[in-house]
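Structure file input_18.txt; described as compact mmCIF, C-alpha atoms.
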# COMPACT_ATOMS: atom_id res chain seq x y z
CA MET O 200 -130.54 10.29 85.06
CA THR O 201 -131.14 7.05 83.18
CA GLN O 202 -134.01 6.07 85.46
CA VAL O 203 -135.59 9.51 85.18
CA ALA O 204 -135.29 9.39 81.44
CA ALA O 205 -136.84 5.93 81.39
CA ILE O 206 -139.71 7.10 83.58
CA ASP O 207 -140.24 10.12 81.33
CA ARG O 208 -140.36 7.90 78.29
CA VAL O 209 -142.88 5.60 79.95
CA GLU O 210 -145.07 8.52 81.02
CA LEU O 211 -144.79 10.03 77.57
CA ASN O 212 -145.76 6.78 75.90
CA VAL O 213 -148.73 6.39 78.24
CA GLU O 214 -149.85 9.89 77.42
CA ARG O 215 -149.54 9.18 73.72
CA ILE O 216 -151.53 5.98 74.03
CA TYR O 217 -154.23 7.74 75.98
CA PHE O 218 -154.46 10.99 74.07
CA THR O 219 -153.53 10.07 70.47
CA PRO O 220 -156.93 8.77 69.26
CA PHE O 221 -158.74 11.88 70.40
CA CYS O 222 -156.06 14.33 69.24
CA LEU O 223 -155.64 12.59 65.88
CA SER O 224 -159.36 12.55 65.15
CA SER O 225 -159.68 16.20 66.15
CA PHE O 226 -156.69 17.15 64.03
CA LEU O 227 -158.01 15.27 60.99
CA SER O 228 -161.43 16.84 61.45
CA PHE O 229 -159.80 20.26 61.54
CA LEU O 230 -157.80 19.54 58.38
CA HIS O 231 -160.94 18.50 56.52
CA SER O 232 -163.04 21.36 57.83
CA PRO O 233 -164.30 23.89 55.26
CA THR O 234 -162.31 26.64 56.94
CA MET O 235 -159.01 24.76 56.67
CA LEU O 236 -159.65 23.69 53.08
CA THR O 237 -160.49 27.25 52.10
CA LEU O 238 -157.38 28.53 53.86
CA SER O 239 -155.17 25.92 52.16
CA SER O 240 -156.62 26.73 48.75
CA GLU O 241 -156.10 30.43 49.30
CA ILE O 242 -152.49 29.92 50.38
CA GLY O 243 -151.84 27.64 47.41
CA SER O 244 -153.43 30.11 45.01
CA ASN O 245 -151.38 33.00 46.37
CA LEU O 246 -148.20 30.91 46.23
CA CYS O 247 -148.78 29.89 42.61
CA GLY O 248 -149.68 33.47 41.75
CA ALA O 249 -146.45 34.70 43.32
CA ILE O 250 -144.38 32.12 41.41
CA SER O 251 -146.15 33.12 38.20
CA ILE O 252 -145.37 36.79 38.78
CA LEU O 253 -141.72 35.98 39.49
CA CYS O 254 -141.49 33.98 36.27
CA TRP O 255 -142.96 36.80 34.23
CA ILE O 256 -140.77 39.41 35.90
CA VAL O 257 -137.66 37.66 34.60
CA VAL O 258 -139.12 36.06 31.46
CA PHE O 259 -137.93 38.77 29.06
CA THR O 260 -134.51 39.23 30.66
CA PRO O 261 -132.83 36.28 28.85
CA GLN O 262 -134.16 37.45 25.45
CA LEU O 263 -133.13 41.05 26.11
CA PHE O 264 -129.66 39.85 27.04
CA GLU O 265 -129.50 37.60 23.98
CA ASN O 266 -130.40 40.52 21.72
CA TYR O 267 -127.85 42.76 23.42
CA VAL O 268 -125.02 40.23 23.03
CA ARG O 269 -125.81 39.45 19.39
CA LYS O 270 -126.70 43.03 18.42
CA ASN O 271 -129.20 41.33 16.14
CA THR O 272 -132.88 40.42 16.51
CA ASP O 273 -133.56 38.63 13.22
CA GLY O 274 -134.37 35.43 15.11
CA VAL O 275 -137.39 37.06 16.78
CA SER O 276 -140.59 37.23 14.73
CA LEU O 277 -141.99 40.76 14.72
CA LYS O 278 -145.50 39.37 14.07
CA PHE O 279 -145.12 37.26 17.20
CA LEU O 280 -144.24 40.35 19.24
CA MET O 281 -147.09 42.41 17.78
CA CYS O 282 -149.63 39.71 18.65
CA TRP O 283 -148.11 39.53 22.13
CA VAL O 284 -148.42 43.31 22.60
CA LEU O 285 -152.03 43.44 21.36
CA GLY O 286 -152.92 40.47 23.54
CA ASP O 287 -151.47 42.24 26.57
CA VAL O 288 -153.44 45.40 25.79
CA PHE O 289 -156.76 43.53 25.59
CA ASN O 290 -155.79 41.48 28.62
CA LEU O 291 -155.18 44.59 30.74
CA ILE O 292 -158.41 46.30 29.69
CA GLY O 293 -160.43 43.14 30.26
CA ALA O 294 -158.85 42.53 33.67
CA ILE O 295 -159.63 46.08 34.79
CA LEU O 296 -163.23 46.05 33.59
CA GLY O 297 -163.82 42.56 34.98
CA ASN O 298 -162.49 43.33 38.48
CA LEU O 299 -160.32 40.22 38.28
CA MET O 300 -157.66 38.94 40.69
CA ILE O 301 -154.82 41.26 41.64
CA THR O 302 -152.42 38.69 40.15
CA MET O 303 -153.96 39.23 36.72
CA LEU O 304 -153.76 43.01 36.99
CA LEU O 305 -150.12 42.98 38.08
CA LEU O 306 -149.15 40.60 35.31
CA ALA O 307 -151.02 42.59 32.67
CA LEU O 308 -149.29 45.83 33.68
CA TYR O 309 -145.87 44.24 33.69
CA TYR O 310 -146.50 42.57 30.33
CA LEU O 311 -147.00 45.95 28.69
CA MET O 312 -143.89 47.50 30.22
CA ALA O 313 -141.73 44.52 29.24
CA ASP O 314 -143.30 44.40 25.76
CA GLY O 315 -142.43 48.02 25.16
CA LEU O 316 -138.80 47.44 26.14
CA LEU O 317 -138.44 44.31 24.00
CA VAL O 318 -140.13 45.81 20.92
CA SER O 319 -137.99 48.94 21.21
CA GLN O 320 -134.85 46.81 21.32
CA VAL O 321 -135.93 44.75 18.32
CA LEU O 322 -136.72 47.80 16.21
CA TYR O 323 -133.47 49.51 17.21
CA TYR O 324 -131.23 46.60 16.24
CA ARG O 325 -133.17 45.89 13.06
CA LYS O 326 -132.75 49.48 11.95
CA ASN O 327 -128.99 49.21 12.41
CA THR O 328 -128.87 45.76 10.81
CA ALA O 329 -130.86 46.96 7.78
CA GLN O 330 -128.36 49.79 7.25
CA VAL O 331 -125.45 47.33 7.34
CA TYR O 332 -127.22 45.06 4.85
CA ARG O 333 -127.82 47.96 2.48
CA ASP O 334 -124.15 48.94 2.62
CA ASP O 335 -123.08 45.35 1.93
CA GLU O 336 -125.49 45.04 -0.99
CA VAL O 337 -124.20 48.21 -2.62
CA SER O 338 -120.58 47.07 -2.31
CA THR O 339 -121.21 43.58 -3.72
CA LEU O 340 -123.99 44.26 -6.24
CA GLU O 341 -121.72 44.37 -9.32
CA GLU O 342 -119.90 41.19 -8.26
CA THR O 343 -123.03 39.10 -7.65
CA PRO O 344 -124.51 36.95 -10.46
CA LEU O 345 -128.10 37.72 -11.41
CA LEU O 346 -129.25 34.17 -10.73
CA SER O 347 -127.88 34.03 -7.19
CA SER O 348 -130.94 35.67 -5.61
CA SER O 349 -133.19 32.83 -6.68
CA MET O 350 -130.63 30.24 -5.64
CA GLU O 351 -130.21 31.71 -2.16
CA ARG O 352 -133.89 31.51 -1.33
CA PRO O 353 -134.24 29.01 1.54
CA THR O 354 -136.30 25.89 0.94
CA LEU O 355 -137.75 23.53 3.53
CA SER O 356 -136.25 20.08 3.73
CA VAL O 357 -138.42 16.99 3.44
CA LYS O 358 -138.09 16.34 7.19
CA THR O 359 -139.11 19.91 8.05
CA ARG O 360 -142.14 19.81 5.75
CA ARG O 361 -143.23 16.61 7.46
CA ILE O 362 -142.83 18.20 10.90
CA VAL O 363 -144.79 21.27 9.79
CA ARG O 364 -147.72 19.09 8.69
CA ILE O 365 -147.65 17.24 12.01
CA PHE O 366 -147.53 20.58 13.83
CA PHE O 367 -150.62 21.92 12.08
CA VAL O 368 -152.58 18.71 12.61
CA GLY O 369 -151.53 18.61 16.26
CA SER O 370 -152.48 22.27 16.72
CA VAL O 371 -155.97 21.75 15.32
CA LEU O 372 -156.56 18.56 17.28
CA SER O 373 -155.30 20.00 20.56
CA MET O 374 -157.46 23.11 20.26
CA LEU O 375 -160.52 21.06 19.32
CA PHE O 376 -159.91 18.74 22.27
CA LEU O 377 -159.49 21.73 24.60
CA LEU O 378 -162.65 23.48 23.41
CA LEU O 379 -164.70 20.28 23.42
CA GLY O 380 -163.56 19.40 26.93
CA THR O 381 -164.30 22.84 28.33
CA ALA O 382 -167.69 22.99 26.59
CA THR O 383 -168.58 19.63 28.13
CA PHE O 384 -167.53 20.86 31.57
CA PHE O 385 -169.37 24.17 31.43
CA PHE O 386 -172.58 23.01 29.75
CA TRP O 387 -172.97 19.48 31.14
CA PRO O 388 -176.75 19.01 31.41
CA ASN O 389 -176.63 17.01 34.68
CA ALA O 390 -174.31 19.45 36.48
CA THR O 391 -175.47 20.45 39.96
CA ASP O 392 -174.01 23.96 39.80
CA LYS O 393 -175.15 25.72 36.65
CA ILE O 394 -173.47 28.84 35.29
CA ASP O 395 -175.03 32.00 36.66
CA TYR O 396 -174.94 34.26 33.63
CA THR O 397 -176.15 37.24 35.66
CA GLN O 398 -172.64 37.43 37.17
CA VAL O 399 -170.95 37.52 33.75
CA ASP O 400 -169.85 40.89 32.39
CA TRP O 401 -169.68 40.32 28.66
CA VAL O 402 -167.46 43.27 27.72
CA PRO O 403 -164.44 41.97 29.68
CA GLN O 404 -165.23 38.50 28.36
CA VAL O 405 -164.96 39.65 24.75
CA LEU O 406 -161.69 41.44 25.51
CA GLY O 407 -160.38 38.38 27.35
CA TRP O 408 -161.26 36.06 24.47
CA THR O 409 -159.56 38.42 22.01
CA SER O 410 -156.37 38.46 24.07
CA ALA O 411 -156.48 34.65 24.40
CA LEU O 412 -156.70 34.20 20.63
CA LEU O 413 -153.82 36.62 20.12
CA TYR O 414 -151.68 34.81 22.69
CA CYS O 415 -152.35 31.38 21.17
CA GLY O 416 -152.10 32.47 17.54
CA GLY O 417 -149.12 34.75 18.11
CA ARG O 418 -146.76 31.82 18.64
CA ILE O 419 -147.46 30.47 15.15
CA PRO O 420 -145.46 33.15 13.22
CA GLN O 421 -142.44 32.49 15.45
CA ILE O 422 -142.76 28.74 15.00
CA MET O 423 -143.09 29.06 11.23
CA GLN O 424 -140.09 31.39 11.04
CA ASN O 425 -138.05 28.80 12.93
CA PHE O 426 -139.21 26.13 10.49
CA ARG O 427 -138.34 28.25 7.44
CA ASN O 428 -134.89 29.07 8.75
CA GLU O 429 -134.45 25.61 10.28
CA SER O 430 -132.82 27.46 13.12
CA VAL O 431 -133.59 29.00 16.51
CA GLU O 432 -130.58 31.32 16.48
CA GLY O 433 -131.37 34.56 18.24
CA LEU O 434 -134.03 33.07 20.52
CA SER O 435 -133.57 32.42 24.21
CA MET O 436 -134.76 29.00 25.36
CA ILE O 437 -134.79 30.22 28.97
CA MET O 438 -137.47 32.76 28.04
CA PHE O 439 -139.82 30.01 26.89
CA LEU O 440 -139.03 27.87 29.95
CA PHE O 441 -140.03 30.76 32.19
CA SER O 442 -143.11 31.25 30.02
CA LEU O 443 -144.12 27.62 30.57
CA CYS O 444 -143.62 27.84 34.33
CA GLY O 445 -145.44 31.16 34.53
CA ASN O 446 -148.43 29.96 32.53
CA ILE O 447 -148.77 26.69 34.46
CA THR O 448 -148.64 28.36 37.89
CA TYR O 449 -150.96 31.11 36.63
CA CYS O 450 -153.62 28.52 35.74
CA LEU O 451 -153.12 26.74 39.06
CA SER O 452 -153.61 30.01 40.96
CA ILE O 453 -157.09 30.25 39.40
CA PHE O 454 -158.05 26.60 39.87
CA LEU O 455 -157.07 26.62 43.54
CA VAL O 456 -159.45 29.47 44.33
CA SER O 457 -162.56 27.59 43.27
CA MET O 458 -163.82 24.95 40.84
CA ASN O 459 -167.23 26.59 40.68
CA ARG O 460 -168.48 26.65 37.10
CA THR O 461 -169.51 30.30 37.17
CA TYR O 462 -166.14 31.37 38.56
CA LEU O 463 -164.21 29.30 36.02
CA PHE O 464 -166.43 30.48 33.16
CA ILE O 465 -165.71 34.13 34.04
CA ASN O 466 -161.96 33.43 34.19
CA PHE O 467 -161.85 31.01 31.26
CA PRO O 468 -160.54 33.50 28.64
CA TRP O 469 -157.52 34.14 30.85
CA LEU O 470 -157.11 30.43 31.48
CA LEU O 471 -157.16 29.83 27.74
CA GLY O 472 -154.69 32.64 27.14
CA SER O 473 -152.20 30.95 29.48
CA GLY O 474 -153.02 27.25 29.18
CA GLY O 475 -153.67 27.36 25.44
CA THR O 476 -150.13 28.53 24.72
CA LEU O 477 -148.50 25.55 26.43
CA PHE O 478 -148.68 23.38 23.31
CA PHE O 479 -146.99 26.05 21.20
CA ASP O 480 -144.30 26.71 23.81
CA PHE O 481 -143.52 22.99 23.92
CA MET O 482 -143.30 23.08 20.12
CA ILE O 483 -140.70 25.85 20.29
CA LEU O 484 -138.72 23.85 22.86
CA PHE O 485 -138.86 20.90 20.45
CA GLN O 486 -137.41 23.17 17.79
CA PHE O 487 -134.57 24.07 20.15
CA TYR O 488 -133.82 20.37 20.57
CA THR O 489 -134.05 19.69 16.83
CA TYR O 490 -132.15 22.65 15.44
CA LYS O 491 -129.66 23.49 18.17
CA TYR O 492 -128.84 20.81 20.71
CA LYS O 493 -129.23 17.84 18.38
CA LYS O 494 -126.92 19.49 15.83
CA THR O 495 -124.44 20.23 18.61
CA GLN O 496 -124.40 16.55 19.59
CA LEU O 497 -123.87 15.50 15.97
CA TYR O 498 -121.03 18.00 15.62
CA HIS O 499 -119.20 16.64 18.66
CA LYS O 500 -119.58 13.10 17.39
Hey, can you dump this file as structure tokens for me?
Amino acid sequence: MTQVAAIDRVELNVERIYFTPFCLSSFLSFLHSPTMLTLSSEIGSNLCGAISILCWIVVFTPQLFENYVRKNTDGVSLKFLMCWVLGDVFNLIGAILGNLMITMLLLALYYLMADGLLVSQVLYYRKNTAQVYRDDEVSTLEETPLLSSSMERPTLSVKTRRIVRIFFVGSVLSMLFLLLGTATFFFWPNATDKIDYTQVDWVPQVLGWTSALLYCGGRIPQIMQNFRNESVEGLSMIMFLFSLCGNITYCLSIFLVSMNRTYLFINFPWLLGSGGTLFFDFMILFQFYTYKYKKTQLYHK
């Protein structure tokens, strides 16, 4: 058995020495062939699209659970939700009229269903909370000094005001950098592949741009509410982590299909609606670190 095994190993090694150069070159040629590259890009795009859909399927679940446990939704900005809902409406209409990827259509439909559930929950708990507040105010009105209302008004600390200024400057600079970079890419005069405007349907483009602006701008009311309260109580950090993952993989699913300028120009409003929110989502995560976890560490010390 040992001799047979040795002979087999020798024969196998001889075969490898003889056949490896040809097989390796053929295999590498196949990997770099247009067919294989297209297939790999398609698989990667579908995989990223599937991950994005999974993230958005569960993205609202942590916030819905947080609201249910607290029986209070004061931590969620209603303006943020309204911008989100309007953005999803324009996104769905634009995706349908533009005959976009099935990933976009599925996400847009699910956005609206999840939005309706979350908004309904917020309005329900706020109605109950408002009734409790009114009952408490009636019972304590005669015992409360007249000057207490002005004293209870929250004011921003010096540190928070400094962070707010940095946030606004960073927001403006990041958006300018993003728009300047994309304009350079799309309208570069020496580009070999120019944008074919005959393939562009402008009605879906306008709807897509509107939804992108609502998505990007809608985070600002939530961020400012967190700054005013100096708190992120009532918000679910997991929701924003899923949002980050979903937006990143969503953009990758588009980039992996093609880097053709016309294709990217047609899909750019939806890229902006996902990629443009990353800065604001990171800002909210920074607020979680500043107002929640950092305070927890100080308390334990």
Item to complete: Measuring atom to atom with all atoms listed in the file, identify which of O:Lys278, O:Lys491, O:Arg269, O:Arg325 is nearest to Gln421 in chain O.
Response: O:Lys278
Response to the item:
Of O:Leu291, O:Met438, O:Leu305, O:Val371, the one sitting nearest Gly475 in chain O when using all atoms listed in the file is O:Val371
Practice prompt. Would you kindly return, as a count of residues only, each protein, DNA or RNA residue with an atom no farther than 6 Å from any atom of Gly417 in chain O, considering all atoms listed in the file and excluding same-chain residues fewer than 4 positions away?
Written response: 3
Worksheet item: Smallest atom-to-atom distance to Ala382 in chain O: which of O:Tyr323, O:Trp401, O:Phe467, O:Tyr414, using only C-alpha atoms?
Response: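 Between O:Tyr323, O:Trp401, O:Phe467, O:Tyr414, the residue approaching Ala382 in chain O most closely is O:Phe467.
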Worksheet item: Which one is closest to Asn425 in chain O: O:Ile362, O:Ala307, O:Cys254, O:Ala249? Count only C-alpha atoms.
Response: O:Ile362
Worksheet item: CA of Ser276 in chain O and CA of Ala294 in chain O are how many Å apart?
Response: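 We find that CA of Ser276 in chain O and CA of Ala294 in chain O lie 26.8 Å from each other.
Among the candidate residues O:Trp408, O:Leu311, O:Thr489, O:Phe426, the one lying nearest to Arg364 in chain O is O:Phe426, with distances computed using all atoms listed in the file.
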Worksheet item: Pick the closest to Gly286 in chain O from O:Tyr310, O:Phe464, O:Tyr396, O:Phe481: which is it, counting all atoms listed in the file?
Response: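 Nearest candidate to Gly286 in chain O out of O:Tyr310, O:Phe464, O:Tyr396, O:Phe481: O:Tyr310.
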Worksheet entry | For Glu429 in chain O: contacts at 12 Å, only C-alpha atoms, fewer than 6 positions along chain excluded, given as number ranges by chain | O: 274, 353-360, 362-363, 421-423, 483, 486-491, 494
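All residues of protein, DNA or RNA that reach within 8 Å of Leu484 in chain O, judged by only C-alpha atoms and not counting those fewer than 4 positions away in the chain, are Met436, Phe439, Asp480 and Tyr488 of chain O.
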Dump as a compact mmCIF listing (two decimals), in the coordinates of the input, selection limited to C-alpha atoms:
# COMPACT_ATOMS: atom_id res chain seq x y z
CA MET O 436 -134.76 29.00 25.36
CA PHE O 439 -139.82 30.01 26.89
CA ASP O 480 -144.30 26.71 23.81
CA TYR O 488 -133.82 20.37 20.57
Item to complete: List the neighbours of Cys415 in chain O out to 8 Å using only C-alpha atoms; skip same-chain residues closer than 6 positions along the sequence, and give me the result as a VMD selection string.
Response: chain O and resid 472 475 to 476 479
Taking the block just given, write range 397-422 of chain O to a file that holds N, CA, C and O atoms, as a PDB file, in the first residue's frame.
ATOM      1  N   THR O 397     -30.925  60.478 -24.352  1.00  0.00           N
ATOM      2  CA  THR O 397     -32.136  59.926 -24.969  1.00  0.00           C
ATOM      3  C   THR O 397     -32.700  58.760 -24.153  1.00  0.00           C
ATOM      4  O   THR O 397     -33.872  58.413 -24.297  1.00  0.00           O
ATOM      5  N   GLN O 398     -31.860  58.141 -23.302  1.00  0.00           N
ATOM      6  CA  GLN O 398     -32.321  57.035 -22.466  1.00  0.00           C
ATOM      7  C   GLN O 398     -32.892  57.500 -21.129  1.00  0.00           C
ATOM      8  O   GLN O 398     -33.411  56.691 -20.362  1.00  0.00           O
ATOM      9  N   VAL O 399     -32.802  58.797 -20.855  1.00  0.00           N
ATOM     10  CA  VAL O 399     -33.222  59.332 -19.562  1.00  0.00           C
ATOM     11  C   VAL O 399     -34.694  59.733 -19.622  1.00  0.00           C
ATOM     12  O   VAL O 399     -35.097  60.498 -20.503  1.00  0.00           O
ATOM     13  N   ASP O 400     -35.483  59.190 -18.719  1.00  0.00           N
ATOM     14  CA  ASP O 400     -36.884  59.595 -18.555  1.00  0.00           C
ATOM     15  C   ASP O 400     -36.932  60.603 -17.420  1.00  0.00           C
ATOM     16  O   ASP O 400     -36.700  60.262 -16.264  1.00  0.00           O
ATOM     17  N   TRP O 401     -37.240  61.841 -17.732  1.00  0.00           N
ATOM     18  CA  TRP O 401     -37.066  62.923 -16.777  1.00  0.00           C
ATOM     19  C   TRP O 401     -38.121  62.951 -15.677  1.00  0.00           C
ATOM     20  O   TRP O 401     -37.886  63.492 -14.600  1.00  0.00           O
ATOM     21  N   VAL O 402     -39.296  62.397 -15.920  1.00  0.00           N
ATOM     22  CA  VAL O 402     -40.321  62.385 -14.866  1.00  0.00           C
ATOM     23  C   VAL O 402     -39.885  61.527 -13.682  1.00  0.00           C
ATOM     24  O   VAL O 402     -39.914  61.987 -12.523  1.00  0.00           O
ATOM     25  N   PRO O 403     -39.454  60.279 -13.893  1.00  0.00           N
ATOM     26  CA  PRO O 403     -38.925  59.511 -12.754  1.00  0.00           C
ATOM     27  C   PRO O 403     -37.702  60.160 -12.116  1.00  0.00           C
ATOM     28  O   PRO O 403     -37.499  60.038 -10.898  1.00  0.00           O
ATOM     29  N   GLN O 404     -36.890  60.852 -12.935  1.00  0.00           N
ATOM     30  CA  GLN O 404     -35.721  61.520 -12.372  1.00  0.00           C
ATOM     31  C   GLN O 404     -36.120  62.599 -11.373  1.00  0.00           C
ATOM     32  O   GLN O 404     -35.538  62.709 -10.288  1.00  0.00           O
ATOM     33  N   VAL O 405     -37.118  63.399 -11.730  1.00  0.00           N
ATOM     34  CA  VAL O 405     -37.581  64.459 -10.823  1.00  0.00           C
ATOM     35  C   VAL O 405     -38.138  63.849  -9.541  1.00  0.00           C
ATOM     36  O   VAL O 405     -37.855  64.329  -8.427  1.00  0.00           O
ATOM     37  N   LEU O 406     -38.916  62.782  -9.673  1.00  0.00           N
ATOM     38  CA  LEU O 406     -39.460  62.109  -8.491  1.00  0.00           C
ATOM     39  C   LEU O 406     -38.335  61.506  -7.641  1.00  0.00           C
ATOM     40  O   LEU O 406     -38.379  61.569  -6.408  1.00  0.00           O
ATOM     41  N   GLY O 407     -37.345  60.912  -8.309  1.00  0.00           N
ATOM     42  CA  GLY O 407     -36.219  60.338  -7.577  1.00  0.00           C
ATOM     43  C   GLY O 407     -35.408  61.384  -6.839  1.00  0.00           C
ATOM     44  O   GLY O 407     -35.002  61.173  -5.689  1.00  0.00           O
ATOM     45  N   TRP O 408     -35.170  62.528  -7.474  1.00  0.00           N
ATOM     46  CA  TRP O 408     -34.445  63.613  -6.813  1.00  0.00           C
ATOM     47  C   TRP O 408     -35.229  64.154  -5.615  1.00  0.00           C
ATOM     48  O   TRP O 408     -34.645  64.472  -4.574  1.00  0.00           O
ATOM     49  N   THR O 409     -36.546  64.256  -5.770  1.00  0.00           N
ATOM     50  CA  THR O 409     -37.370  64.731  -4.659  1.00  0.00           C
ATOM     51  C   THR O 409     -37.282  63.784  -3.471  1.00  0.00           C
ATOM     52  O   THR O 409     -37.136  64.224  -2.321  1.00  0.00           O
ATOM     53  N   SER O 410     -37.377  62.491  -3.741  1.00  0.00           N
ATOM     54  CA  SER O 410     -37.277  61.515  -2.651  1.00  0.00           C
ATOM     55  C   SER O 410     -35.898  61.551  -2.012  1.00  0.00           C
ATOM     56  O   SER O 410     -35.760  61.417  -0.790  1.00  0.00           O
ATOM     57  N   ALA O 411     -34.841  61.748  -2.819  1.00  0.00           N
ATOM     58  CA  ALA O 411     -33.486  61.806  -2.273  1.00  0.00           C
ATOM     59  C   ALA O 411     -33.318  62.989  -1.322  1.00  0.00           C
ATOM     60  O   ALA O 411     -32.719  62.864  -0.245  1.00  0.00           O
ATOM     61  N   LEU O 412     -33.847  64.143  -1.713  1.00  0.00           N
ATOM     62  CA  LEU O 412     -33.760  65.324  -0.845  1.00  0.00           C
ATOM     63  C   LEU O 412     -34.540  65.120   0.447  1.00  0.00           C
ATOM     64  O   LEU O 412     -34.106  65.559   1.522  1.00  0.00           O
ATOM     65  N   LEU O 413     -35.689  64.457   0.350  1.00  0.00           N
ATOM     66  CA  LEU O 413     -36.471  64.191   1.562  1.00  0.00           C
ATOM     67  C   LEU O 413     -35.753  63.211   2.477  1.00  0.00           C
ATOM     68  O   LEU O 413     -35.772  63.375   3.707  1.00  0.00           O
ATOM     69  N   TYR O 414     -35.124  62.197   1.897  1.00  0.00           N
ATOM     70  CA  TYR O 414     -34.375  61.233   2.711  1.00  0.00           C
ATOM     71  C   TYR O 414     -33.218  61.914   3.438  1.00  0.00           C
ATOM     72  O   TYR O 414     -33.007  61.712   4.631  1.00  0.00           O
ATOM     73  N   CYS O 415     -32.451  62.707   2.687  1.00  0.00           N
ATOM     74  CA  CYS O 415     -31.274  63.355   3.289  1.00  0.00           C
ATOM     75  C   CYS O 415     -31.675  64.420   4.302  1.00  0.00           C
ATOM     76  O   CYS O 415     -31.126  64.489   5.401  1.00  0.00           O
ATOM     77  N   GLY O 416     -32.653  65.255   3.922  1.00  0.00           N
ATOM     78  CA  GLY O 416     -33.070  66.326   4.828  1.00  0.00           C
ATOM     79  C   GLY O 416     -33.912  65.847   5.989  1.00  0.00           C
ATOM     80  O   GLY O 416     -33.991  66.518   7.024  1.00  0.00           O
ATOM     81  N   GLY O 417     -34.555  64.688   5.841  1.00  0.00           N
ATOM     82  CA  GLY O 417     -35.431  64.211   6.899  1.00  0.00           C
ATOM     83  C   GLY O 417     -34.708  63.826   8.171  1.00  0.00           C
ATOM     84  O   GLY O 417     -35.303  63.842   9.255  1.00  0.00           O
ATOM     85  N   ARG O 418     -33.433  63.483   8.070  1.00  0.00           N
ATOM     86  CA  ARG O 418     -32.670  63.131   9.268  1.00  0.00           C
ATOM     87  C   ARG O 418     -32.394  64.358  10.143  1.00  0.00           C
ATOM     88  O   ARG O 418     -32.166  64.223  11.348  1.00  0.00           O
ATOM     89  N   ILE O 419     -32.360  65.528   9.547  1.00  0.00           N
ATOM     90  CA  ILE O 419     -31.971  66.732  10.290  1.00  0.00           C
ATOM     91  C   ILE O 419     -32.920  67.032  11.451  1.00  0.00           C
ATOM     92  O   ILE O 419     -32.454  67.357  12.554  1.00  0.00           O
ATOM     93  N   PRO O 420     -34.269  66.978  11.277  1.00  0.00           N
ATOM     94  CA  PRO O 420     -35.137  67.211  12.450  1.00  0.00           C
ATOM     95  C   PRO O 420     -34.886  66.249  13.594  1.00  0.00           C
ATOM     96  O   PRO O 420     -34.928  66.647  14.765  1.00  0.00           O
ATOM     97  N   GLN O 421     -34.603  64.977  13.289  1.00  0.00           N
ATOM     98  CA  GLN O 421     -34.316  64.008  14.352  1.00  0.00           C
ATOM     99  C   GLN O 421     -32.999  64.339  15.048  1.00  0.00           C
ATOM    100  O   GLN O 421     -32.904  64.276  16.281  1.00  0.00           O
ATOM    101  N   ILE O 422     -32.004  64.714  14.264  1.00  0.00           N
ATOM    102  CA  ILE O 422     -30.706  65.071  14.846  1.00  0.00           C
ATOM    103  C   ILE O 422     -30.838  66.304  15.734  1.00  0.00           C
ATOM    104  O   ILE O 422     -30.289  66.357  16.847  1.00  0.00           O
TER     105      ILE O 422
END
